[in-house]
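**Student:** What follows is the file work.cif, containing mmCIF, C-alpha atoms; chains and numbers go by the auth columns:
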data_model
#
loop_
_atom_site.group_PDB
_atom_site.id
_atom_site.type_symbol
_atom_site.label_atom_id
_atom_site.label_comp_id
_atom_site.label_asym_id
_atom_site.label_seq_id
_atom_site.Cartn_x
_atom_site.Cartn_y
_atom_site.Cartn_z
_atom_site.B_iso_or_equiv
_atom_site.auth_seq_id
_atom_site.auth_asym_id
ATOM 1 C CA MET A 1 8.510 -21.423 -89.219 0.00 1 A
ATOM 2 C CA ILE A 2 5.634 -23.411 -87.687 0.00 2 A
ATOM 3 C CA LEU A 3 7.611 -26.621 -88.011 0.00 3 A
ATOM 4 C CA PHE A 4 10.542 -24.957 -86.304 0.00 4 A
ATOM 5 C CA LEU A 5 8.342 -23.784 -83.421 0.00 5 A
ATOM 6 C CA LEU A 6 6.792 -27.244 -83.126 0.00 6 A
ATOM 7 C CA SER A 7 10.232 -28.804 -83.041 0.00 7 A
ATOM 8 C CA LEU A 8 11.106 -26.435 -80.187 0.00 8 A
ATOM 9 C CA ALA A 9 7.890 -27.128 -78.303 0.00 9 A
ATOM 10 C CA PHE A 10 8.405 -30.895 -78.469 0.00 10 A
ATOM 11 C CA ALA A 11 12.169 -30.784 -78.154 0.00 11 A
ATOM 12 C CA GLU A 12 13.726 -33.760 -76.388 0.00 12 A
ATOM 13 C CA PRO A 13 14.760 -33.150 -72.782 0.00 13 A
ATOM 14 C CA GLN A 14 18.510 -32.840 -72.821 0.00 14 A
ATOM 15 C CA PHE A 15 21.406 -31.221 -71.052 0.00 15 A
ATOM 16 C CA GLU A 16 24.769 -29.935 -72.024 0.00 16 A
ATOM 17 C CA LYS A 17 27.857 -29.585 -69.899 0.00 17 A
ATOM 18 C CA LEU A 18 29.174 -26.053 -70.002 0.00 18 A
ATOM 19 C CA GLN A 19 32.224 -24.333 -68.595 0.00 19 A
ATOM 20 C CA GLN A 20 31.993 -20.814 -67.225 0.00 20 A
ATOM 21 C CA GLY A 21 31.853 -18.316 -70.075 0.00 21 A
ATOM 22 C CA GLN A 22 30.965 -20.948 -72.629 0.00 22 A
ATOM 23 C CA SER A 23 27.781 -20.306 -74.633 0.00 23 A
ATOM 24 C CA ALA A 24 24.927 -22.798 -74.799 0.00 24 A
ATOM 25 C CA SER A 25 23.779 -24.330 -78.039 0.00 25 A
ATOM 26 C CA PHE A 26 20.081 -24.142 -77.070 0.00 26 A
ATOM 27 C CA ASP A 27 17.731 -21.995 -75.022 0.00 27 A
ATOM 28 C CA GLY A 28 17.047 -23.083 -71.499 0.00 28 A
ATOM 29 C CA ARG A 29 17.848 -22.631 -67.841 0.00 29 A
ATOM 30 C CA LEU A 30 21.351 -22.999 -66.592 0.00 30 A
ATOM 31 C CA LEU A 31 21.584 -24.716 -63.221 0.00 31 A
ATOM 32 C CA ASN A 32 24.708 -25.333 -61.272 0.00 32 A
ATOM 33 C CA ASP A 33 25.496 -28.881 -60.050 0.00 33 A
ATOM 34 C CA GLU A 34 24.267 -28.091 -56.532 0.00 34 A
ATOM 35 C CA ALA A 35 20.815 -27.010 -57.774 0.00 35 A
ATOM 36 C CA LEU A 36 20.552 -30.051 -59.996 0.00 36 A
ATOM 37 C CA ALA A 37 21.700 -32.371 -57.196 0.00 37 A
ATOM 38 C CA LYS A 38 19.127 -30.801 -54.878 0.00 38 A
ATOM 39 C CA MET A 39 16.358 -31.339 -57.416 0.00 39 A
ATOM 40 C CA ILE A 40 17.325 -34.959 -58.045 0.00 40 A
ATOM 41 C CA ALA A 41 17.738 -35.745 -54.352 0.00 41 A
ATOM 42 C CA GLN A 42 14.387 -34.075 -53.607 0.00 42 A
ATOM 43 C CA CYS A 43 12.756 -36.105 -56.321 0.00 43 A
ATOM 44 C CA GLU A 44 14.197 -39.349 -54.932 0.00 44 A
ATOM 45 C CA PHE A 45 13.155 -38.314 -51.450 0.00 45 A
ATOM 46 C CA ASN A 46 9.601 -37.720 -52.692 0.00 46 A
ATOM 47 C CA VAL A 47 9.510 -41.252 -54.078 0.00 47 A
ATOM 48 C CA ASN A 48 10.769 -42.602 -50.752 0.00 48 A
ATOM 49 C CA GLN A 49 8.263 -40.507 -48.844 0.00 49 A
ATOM 50 C CA CYS A 50 5.482 -41.795 -51.021 0.00 50 A
ATOM 51 C CA GLU A 51 6.514 -45.370 -50.279 0.00 51 A
ATOM 52 C CA ILE A 52 6.724 -44.613 -46.557 0.00 52 A
ATOM 53 C CA GLN A 53 3.244 -43.073 -46.569 0.00 53 A
ATOM 54 C CA ASN A 54 1.937 -45.998 -48.557 0.00 54 A
ATOM 55 C CA ASP A 55 3.416 -48.457 -46.056 0.00 55 A
ATOM 56 C CA LEU A 56 1.942 -46.426 -43.207 0.00 56 A
ATOM 57 C CA GLN A 57 -1.537 -46.449 -44.713 0.00 57 A
ATOM 58 C CA CYS A 58 -1.216 -50.182 -45.349 0.00 58 A
ATOM 59 C CA THR A 59 -0.144 -50.842 -41.760 0.00 59 A
ATOM 60 C CA ILE A 60 -3.009 -48.718 -40.443 0.00 60 A
ATOM 61 C CA LYS A 61 -5.501 -50.564 -42.639 0.00 61 A
ATOM 62 C CA VAL A 62 -4.143 -53.917 -41.393 0.00 62 A
ATOM 63 C CA ALA A 63 -4.379 -52.652 -37.791 0.00 63 A
ATOM 64 C CA ASP A 64 -7.974 -51.525 -38.414 0.00 64 A
ATOM 65 C CA LYS A 65 -8.900 -54.917 -39.806 0.00 65 A
ATOM 66 C CA GLN A 66 -7.123 -56.644 -36.923 0.00 66 A
ATOM 67 C CA TYR A 67 -9.113 -54.455 -34.516 0.00 67 A
ATOM 68 C CA GLU A 68 -12.371 -55.380 -36.239 0.00 68 A
ATOM 69 C CA TYR A 69 -11.387 -59.043 -36.074 0.00 69 A
ATOM 70 C CA ASP A 70 -10.418 -58.803 -32.401 0.00 70 A
ATOM 71 C CA VAL A 71 -13.714 -57.111 -31.529 0.00 71 A
ATOM 72 C CA LEU A 72 -15.658 -59.802 -33.362 0.00 72 A
ATOM 73 C CA ASP A 73 -13.530 -62.479 -31.710 0.00 73 A
ATOM 74 C CA ALA A 74 -14.240 -60.982 -28.278 0.00 74 A
ATOM 75 C CA ARG A 75 -17.953 -60.939 -29.072 0.00 75 A
ATOM 76 C CA TYR A 76 -17.793 -64.507 -30.305 0.00 76 A
ATOM 77 C CA THR A 77 -15.929 -65.679 -27.187 0.00 77 A
ATOM 78 C CA ALA A 78 -18.467 -63.951 -24.931 0.00 78 A
ATOM 79 C CA LEU A 79 -21.413 -65.351 -26.863 0.00 79 A
ATOM 80 C CA ASP A 80 -19.894 -68.828 -26.915 0.00 80 A
ATOM 81 C CA TYR A 81 -19.398 -68.693 -23.147 0.00 81 A
ATOM 82 C CA LYS A 82 -22.930 -67.396 -22.681 0.00 82 A
ATOM 83 C CA TYR A 83 -24.435 -69.986 -25.008 0.00 83 A
ATOM 84 C CA THR A 84 -22.609 -72.981 -23.485 0.00 84 A
ATOM 85 C CA ASN A 85 -23.466 -72.036 -19.912 0.00 85 A
ATOM 86 C CA MET A 86 -26.998 -70.956 -20.725 0.00 86 A
ATOM 87 C CA MET A 87 -27.650 -74.295 -22.391 0.00 87 A
ATOM 88 C CA GLU A 88 -26.555 -76.089 -19.218 0.00 88 A
ATOM 89 C CA ILE A 89 -28.794 -73.868 -17.118 0.00 89 A
ATOM 90 C CA LYS A 90 -31.736 -74.241 -19.458 0.00 90 A
ATOM 91 C CA ASP A 91 -31.305 -78.022 -19.422 0.00 91 A
ATOM 92 C CA GLU A 92 -31.388 -78.000 -15.640 0.00 92 A
ATOM 93 C CA GLU A 93 -34.361 -75.655 -15.658 0.00 93 A
ATOM 94 C CA LEU A 94 -36.147 -77.941 -18.055 0.00 94 A
ATOM 95 C CA LYS A 95 -35.533 -80.875 -15.738 0.00 95 A
ATOM 96 C CA VAL A 96 -36.973 -78.900 -12.806 0.00 96 A
ATOM 97 C CA LEU A 97 -39.988 -77.775 -14.817 0.00 97 A
ATOM 98 C CA ARG A 98 -40.594 -81.297 -16.082 0.00 98 A
ATOM 99 C CA ALA A 99 -40.429 -82.616 -12.548 0.00 99 A
ATOM 100 C CA GLN A 100 -42.837 -79.889 -11.493 0.00 100 A
ATOM 101 C CA SER A 101 -45.350 -80.478 -14.239 0.00 101 A
ATOM 102 C CA LYS A 102 -45.159 -84.290 -13.969 0.00 102 A
ATOM 103 C CA PRO A 103 -44.833 -85.143 -10.303 0.00 103 A
ATOM 104 C CA GLN A 104 -43.810 -88.676 -9.368 0.00 104 A
ATOM 105 C CA ARG A 105 -46.947 -90.750 -9.469 0.00 105 A
ATOM 106 C CA SER A 106 -45.664 -93.528 -7.215 0.00 106 A
ATOM 107 C CA MET A 107 -46.063 -91.254 -4.191 0.00 107 A
ATOM 108 C CA TRP A 108 -49.657 -90.403 -5.117 0.00 108 A
ATOM 109 C CA ALA A 109 -50.397 -94.027 -5.914 0.00 109 A
ATOM 110 C CA PHE A 110 -49.105 -95.008 -2.483 0.00 110 A
ATOM 111 C CA PHE A 111 -51.171 -92.386 -0.684 0.00 111 A
ATOM 112 C CA GLY A 112 -54.194 -92.987 -2.903 0.00 112 A
ATOM 113 C CA GLY A 113 -53.993 -96.734 -2.179 0.00 113 A
ATOM 114 C CA PHE A 114 -53.627 -96.067 1.488 0.00 114 A
ATOM 115 C CA MET A 115 -56.647 -93.775 1.482 0.00 115 A
ATOM 116 C CA ILE A 116 -58.787 -96.236 -0.477 0.00 116 A
ATOM 117 C CA GLY A 117 -57.679 -99.076 1.791 0.00 117 A
ATOM 118 C CA THR A 118 -58.522 -97.028 4.871 0.00 118 A
ATOM 119 C CA ALA A 119 -61.905 -96.085 3.452 0.00 119 A
ATOM 120 C CA ALA A 120 -62.660 -99.722 2.526 0.00 120 A
ATOM 121 C CA SER A 121 -61.716 -101.028 5.969 0.00 121 A
ATOM 122 C CA LEU A 122 -63.795 -98.290 7.614 0.00 122 A
ATOM 123 C CA THR A 123 -66.783 -99.133 5.422 0.00 123 A
ATOM 124 C CA THR A 124 -66.438 -102.849 6.196 0.00 124 A
ATOM 125 C CA TYR A 125 -66.096 -102.128 9.883 0.00 125 A
ATOM 126 C CA TYR A 126 -69.154 -99.860 9.784 0.00 126 A
ATOM 127 C CA ALA A 127 -71.174 -102.431 7.813 0.00 127 A
ATOM 128 C CA VAL A 128 -70.267 -105.287 10.174 0.00 128 A
ATOM 129 C CA ASN A 129 -71.228 -103.144 13.157 0.00 129 A
ATOM 130 C CA GLN A 130 -74.570 -102.309 11.531 0.00 130 A
ATOM 131 C CA ILE A 131 -75.305 -106.007 10.833 0.00 131 A
ATOM 132 C CA GLN A 132 -74.418 -107.009 14.397 0.00 132 A
ATOM 133 C CA GLU A 133 -76.722 -104.317 15.795 0.00 133 A
ATOM 134 C CA MET B 1 -72.927 -90.408 12.847 0.00 1 B
ATOM 135 C CA LEU B 2 -71.376 -88.652 15.845 0.00 2 B
ATOM 136 C CA GLU B 3 -71.059 -92.000 17.558 0.00 3 B
ATOM 137 C CA TRP B 4 -69.348 -93.418 14.560 0.00 4 B
ATOM 138 C CA PHE B 5 -66.854 -90.555 14.612 0.00 5 B
ATOM 139 C CA GLN B 6 -66.262 -91.109 18.318 0.00 6 B
ATOM 140 C CA GLU B 7 -65.544 -94.779 17.707 0.00 7 B
ATOM 141 C CA ASN B 8 -63.384 -94.335 14.665 0.00 8 B
ATOM 142 C CA TRP B 9 -61.553 -91.099 15.401 0.00 9 B
ATOM 143 C CA LYS B 10 -58.219 -92.895 15.485 0.00 10 B
ATOM 144 C CA MET B 11 -58.595 -94.192 11.980 0.00 11 B
ATOM 145 C CA LEU B 12 -59.795 -90.839 10.728 0.00 12 B
ATOM 146 C CA LEU B 13 -56.898 -89.146 12.459 0.00 13 B
ATOM 147 C CA GLY B 14 -54.544 -91.614 10.794 0.00 14 B
ATOM 148 C CA ALA B 15 -56.071 -90.912 7.386 0.00 15 B
ATOM 149 C CA ILE B 16 -55.989 -87.128 7.886 0.00 16 B
ATOM 150 C CA GLY B 17 -52.429 -87.383 9.249 0.00 17 B
ATOM 151 C CA THR B 18 -51.326 -89.345 6.204 0.00 18 B
ATOM 152 C CA LEU B 19 -52.970 -86.798 3.928 0.00 19 B
ATOM 153 C CA GLY B 20 -51.354 -83.957 5.848 0.00 20 B
ATOM 154 C CA LEU B 21 -47.967 -85.640 5.662 0.00 21 B
ATOM 155 C CA SER B 22 -48.312 -86.071 1.924 0.00 22 B
ATOM 156 C CA VAL B 23 -49.230 -82.381 1.582 0.00 23 B
ATOM 157 C CA VAL B 24 -46.187 -81.405 3.668 0.00 24 B
ATOM 158 C CA ILE B 25 -43.910 -83.625 1.559 0.00 25 B
ATOM 159 C CA GLN B 26 -45.363 -82.171 -1.616 0.00 26 B
ATOM 160 C CA SER B 27 -44.923 -78.592 -0.430 0.00 27 B
ATOM 161 C CA LEU B 28 -41.365 -79.370 0.612 0.00 28 B
ATOM 162 C CA ARG B 29 -40.671 -80.772 -2.836 0.00 29 B
ATOM 163 C CA LYS B 30 -42.241 -77.707 -4.419 0.00 30 B
ATOM 164 C CA SER B 31 -40.206 -75.319 -2.298 0.00 31 B
ATOM 165 C CA LYS B 32 -37.046 -77.280 -3.183 0.00 32 B
ATOM 166 C CA GLN B 33 -37.903 -76.890 -6.854 0.00 33 B
ATOM 167 C CA GLU B 34 -38.584 -73.193 -6.392 0.00 34 B
ATOM 168 C CA LYS B 35 -35.231 -72.816 -4.663 0.00 35 B
ATOM 169 C CA LYS B 36 -33.548 -74.620 -7.526 0.00 36 B
ATOM 170 C CA LYS B 37 -35.302 -72.328 -10.007 0.00 37 B
ATOM 171 C CA GLN B 38 -34.143 -69.282 -8.085 0.00 38 B
ATOM 172 C CA GLU B 39 -30.606 -70.656 -8.014 0.00 39 B
ATOM 173 C CA LEU B 40 -30.703 -71.162 -11.759 0.00 40 B
ATOM 174 C CA ALA B 41 -32.027 -67.651 -12.334 0.00 41 B
ATOM 175 C CA GLU B 42 -29.182 -66.297 -10.205 0.00 42 B
ATOM 176 C CA LYS B 43 -26.669 -68.403 -12.128 0.00 43 B
ATOM 177 C CA GLU B 44 -28.140 -67.089 -15.397 0.00 44 B
ATOM 178 C CA LYS B 45 -27.685 -63.525 -14.205 0.00 45 B
ATOM 179 C CA GLN B 46 -24.058 -64.256 -13.284 0.00 46 B
ATOM 180 C CA ILE B 47 -23.401 -65.814 -16.677 0.00 47 B
ATOM 181 C CA ILE B 48 -24.831 -62.782 -18.475 0.00 48 B
ATOM 182 C CA GLU B 49 -22.666 -60.495 -16.344 0.00 49 B
ATOM 183 C CA GLN B 50 -19.589 -62.661 -16.920 0.00 50 B
ATOM 184 C CA SER B 51 -20.256 -62.757 -20.651 0.00 51 B
ATOM 185 C CA GLY B 52 -20.515 -58.958 -20.684 0.00 52 B
ATOM 186 C CA LYS B 53 -17.224 -58.747 -18.811 0.00 53 B
ATOM 187 C CA ILE B 54 -15.515 -61.106 -21.280 0.00 54 B
ATOM 188 C CA GLU B 55 -16.807 -59.030 -24.186 0.00 55 B
ATOM 189 C CA SER B 56 -15.819 -55.676 -22.728 0.00 56 B
ATOM 190 C CA GLU B 57 -12.399 -57.014 -21.708 0.00 57 B
ATOM 191 C CA GLY B 58 -11.834 -58.351 -25.226 0.00 58 B
ATOM 192 C CA ILE B 59 -12.919 -55.079 -26.834 0.00 59 B
ATOM 193 C CA LYS B 60 -10.707 -53.126 -24.432 0.00 60 B
ATOM 194 C CA ASN B 61 -7.707 -55.301 -25.284 0.00 61 B
ATOM 195 C CA ALA B 62 -8.462 -55.004 -28.996 0.00 62 B
ATOM 196 C CA GLY B 63 -8.651 -51.217 -28.676 0.00 63 B
ATOM 197 C CA GLU B 64 -5.350 -51.083 -26.821 0.00 64 B
ATOM 198 C CA ALA B 65 -3.656 -53.341 -29.369 0.00 65 B
ATOM 199 C CA HIS B 66 -5.051 -51.221 -32.198 0.00 66 B
ATOM 200 C CA SER B 67 -3.930 -47.914 -30.735 0.00 67 B
ATOM 201 C CA ASN B 68 -0.473 -49.386 -30.013 0.00 68 B
ATOM 202 C CA ALA B 69 -0.212 -50.716 -33.568 0.00 69 B
ATOM 203 C CA VAL B 70 -1.193 -47.333 -35.052 0.00 70 B
ATOM 204 C CA LYS B 71 1.180 -45.497 -32.714 0.00 71 B
ATOM 205 C CA ASP B 72 4.019 -47.853 -33.673 0.00 72 B
ATOM 206 C CA ALA B 73 3.220 -47.459 -37.360 0.00 73 B
ATOM 207 C CA TYR B 74 3.429 -43.656 -37.123 0.00 74 B
ATOM 208 C CA LYS B 75 6.641 -43.905 -35.102 0.00 75 B
ATOM 209 C CA GLU B 76 8.120 -46.240 -37.693 0.00 76 B
ATOM 210 C CA ALA B 77 7.041 -43.941 -40.531 0.00 77 B
ATOM 211 C CA ASP B 78 8.560 -40.902 -38.792 0.00 78 B
ATOM 212 C CA LYS B 79 11.800 -42.825 -38.287 0.00 79 B
ATOM 213 C CA LYS B 80 11.874 -43.889 -41.923 0.00 80 B
ATOM 214 C CA GLU B 81 11.143 -40.342 -43.071 0.00 81 B
ATOM 215 C CA GLU B 82 13.999 -38.978 -40.974 0.00 82 B
ATOM 216 C CA GLU B 83 16.293 -41.600 -42.440 0.00 83 B
ATOM 217 C CA ALA B 84 15.062 -40.661 -45.912 0.00 84 B
ATOM 218 C CA LYS B 85 15.855 -37.002 -45.209 0.00 85 B
ATOM 219 C CA LYS B 86 19.355 -37.922 -44.109 0.00 86 B
ATOM 220 C CA GLU B 87 19.665 -40.081 -47.193 0.00 87 B
ATOM 221 C CA GLN B 88 18.528 -37.110 -49.306 0.00 88 B
ATOM 222 C CA GLU B 89 21.226 -34.842 -47.854 0.00 89 B
ATOM 223 C CA LYS B 90 23.814 -37.574 -48.346 0.00 90 B
ATOM 224 C CA ARG B 91 22.671 -38.138 -51.911 0.00 91 B
ATOM 225 C CA GLU B 92 22.778 -34.398 -52.623 0.00 92 B
ATOM 226 C CA LYS B 93 26.404 -34.256 -51.488 0.00 93 B
ATOM 227 C CA GLU B 94 27.214 -37.421 -53.406 0.00 94 B
ATOM 228 C CA LEU B 95 25.776 -35.953 -56.622 0.00 95 B
ATOM 229 C CA VAL B 96 27.613 -32.653 -56.211 0.00 96 B
ATOM 230 C CA GLU B 97 30.891 -34.435 -55.554 0.00 97 B
ATOM 231 C CA ASP B 98 30.566 -36.852 -58.462 0.00 98 B
ATOM 232 C CA PRO B 99 29.315 -35.210 -61.736 0.00 99 B
ATOM 233 C CA LYS B 100 29.181 -38.630 -63.374 0.00 100 B
ATOM 234 C CA LYS B 101 26.532 -39.734 -60.917 0.00 101 B
ATOM 235 C CA LEU B 102 24.664 -36.521 -61.698 0.00 102 B
ATOM 236 C CA ASP B 103 24.699 -37.366 -65.401 0.00 103 B
ATOM 237 C CA ASN B 104 23.535 -40.896 -64.627 0.00 104 B
ATOM 238 C CA ALA B 105 20.717 -39.554 -62.470 0.00 105 B
ATOM 239 C CA LEU B 106 19.644 -37.207 -65.269 0.00 106 B
ATOM 240 C CA SER B 107 19.657 -40.013 -67.802 0.00 107 B
ATOM 241 C CA GLY B 108 17.577 -41.990 -65.263 0.00 108 B
ATOM 242 C CA PHE B 109 14.957 -39.265 -65.706 0.00 109 B
ATOM 243 C CA GLY B 110 15.202 -39.652 -69.464 0.00 110 B
ATOM 244 C CA ILE B 111 17.298 -36.488 -69.941 0.00 111 B
ATOM 245 C CA SER B 112 20.187 -37.279 -72.191 0.00 112 B
ATOM 246 C CA GLU B 113 23.352 -35.300 -72.724 0.00 113 B
ATOM 247 C CA LYS B 114 23.578 -33.364 -75.958 0.00 114 B
ATOM 248 C CA LYS B 115 26.510 -34.610 -77.971 0.00 115 B
#
The structure in this file should be written as structure tokens.
**Tutor:**
Amino acid sequence: MILFLLSLAFAEPQFEKLQQGQSASFDGRLLNDEALAKMIAQCEFNVNQCEIQNDLQCTIKVADKQYEYDVLDARYTALDYKYTNMMEIKDEELKVLRAQSKPQRSMWAFFGGFMIGTAASLTTYYAVNQIQE
Amino acid sequence: MLEWFQENWKMLLGAIGTLGLSVVIQSLRKSKQEKKKQELAEKEKQIIEQSGKIESEGIKNAGEAHSNAVKDAYKEADKKEEEAKKEQEKREKELVEDPKKLDNALSGFGISEKK
């Protein structure tokens, strides 16, 4: 009895074609062709829908990654622009600061020499005058 | 001493004039450098602003492209789903009209006909 019940519980899925009025050789549910066709078509549709949803999620993920890439690219472009131009400016600024901290000595040497020369000639002139007096 | 100054005022004036001229030249140079520094600071400000603009423009474009891509993806999925629904109806009719195809579909699910 148990074996019989087990054989029923694990019975192979099968179908049998029946004509109206004909009796079935096993217990089960009798579906007409329309119901069966609907079930099969629905099942196939579900598979298709799953693929469509999968493709959609994939496309969205790719779009998300593309967005992340584009944002990073925009940041990189801006930083590159900023860096290149800032370097030029800083170089120029450095030149100005260097010129400011180390003024050209030739000018000072010229004026210094002139001043010393003037002072020397004045001293000589004064000394000669003193001797003559 | 006063006499000496009276006699040599020309020379002293020359020396003071030279010194004054050098101071004027130096101050002019300094002001030129300050102007240059100000110019550079202004340029720096412009570059920072421009860089910000480039970044925001890029992010804006990326956002637009992303939203368009997502919109298109949903549109495409809706279109495909509609087609799949039509295909389902067609398939349903096809199966009803051809019992052999129905049997084949059932065996595709692993349901065999009882002999």
**Student:** Find, counting all atoms listed in the file, the residue in A:Ile40, A:Ala127, A:Ile60, A:Ala99 that gets nearest to B:Ala73.
**Tutor:**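 Of A:Ile40, A:Ala127, A:Ile60, A:Ala99, the one nearest B:Ala73 is A:Ile60, counting all atoms listed in the file.
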**Student:** Go through B:Lys93, B:Lys100, B:Lys10, B:Lys36 one by one, measure the shortest atom-to-atom distance of each to A:Glu34 using only C-alpha atoms, and give the residue with the smallest value.
**Tutor:** B:Lys93
**Student:** Only residues of chain B matter here; which ones have an atom within 8 Å of chain A, counting only C-alpha atoms? Give them as a PyMOL selection string.
**Tutor:** chain B and resi 11+15+18-19+22+30+33+36-37+40+43-44+47-48+51-52+54-59+62-63+65-66+69-70+73-74+77+80-81+84-85+87-89+91-93+95-96+99+102+105-106+110-115
**Student:** Enter the distance from atom CA of B:Val23 to atom CA of B:Glu7, in Å, rounded to one decimal.
**Tutor:** 26.1 Å
**Student:** Measure the distance from atom CA of A:Leu18 to atom CA of A:Leu31 in Å and round it to one decimal.
**Tutor:**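 Straight-line distance from atom CA of A:Leu18 to atom CA of A:Leu31 works out to 10.3 Å.
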**Student:** Can you measure atom CA of A:Ser101 to atom CA of B:Ser31 for me? One decimal in Å is fine.
**Tutor:**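 Going from atom CA of A:Ser101 over to atom CA of B:Ser31, I get 14.0 Å.
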**Student:** Would you place a box with edges along x, y and z of the file around all atoms of stretch 99-112 of chain B listed there, add 5 Å to each of its six sides, and report the centre and edge lengths in Å to one decimal, as AutoDock Vina command-line options?
**Tutor:**
--center_x 22.1 --center_y -38.6 --center_z -66.6 --size_x 24.4 --size_y 16.8 --size_z 21.3
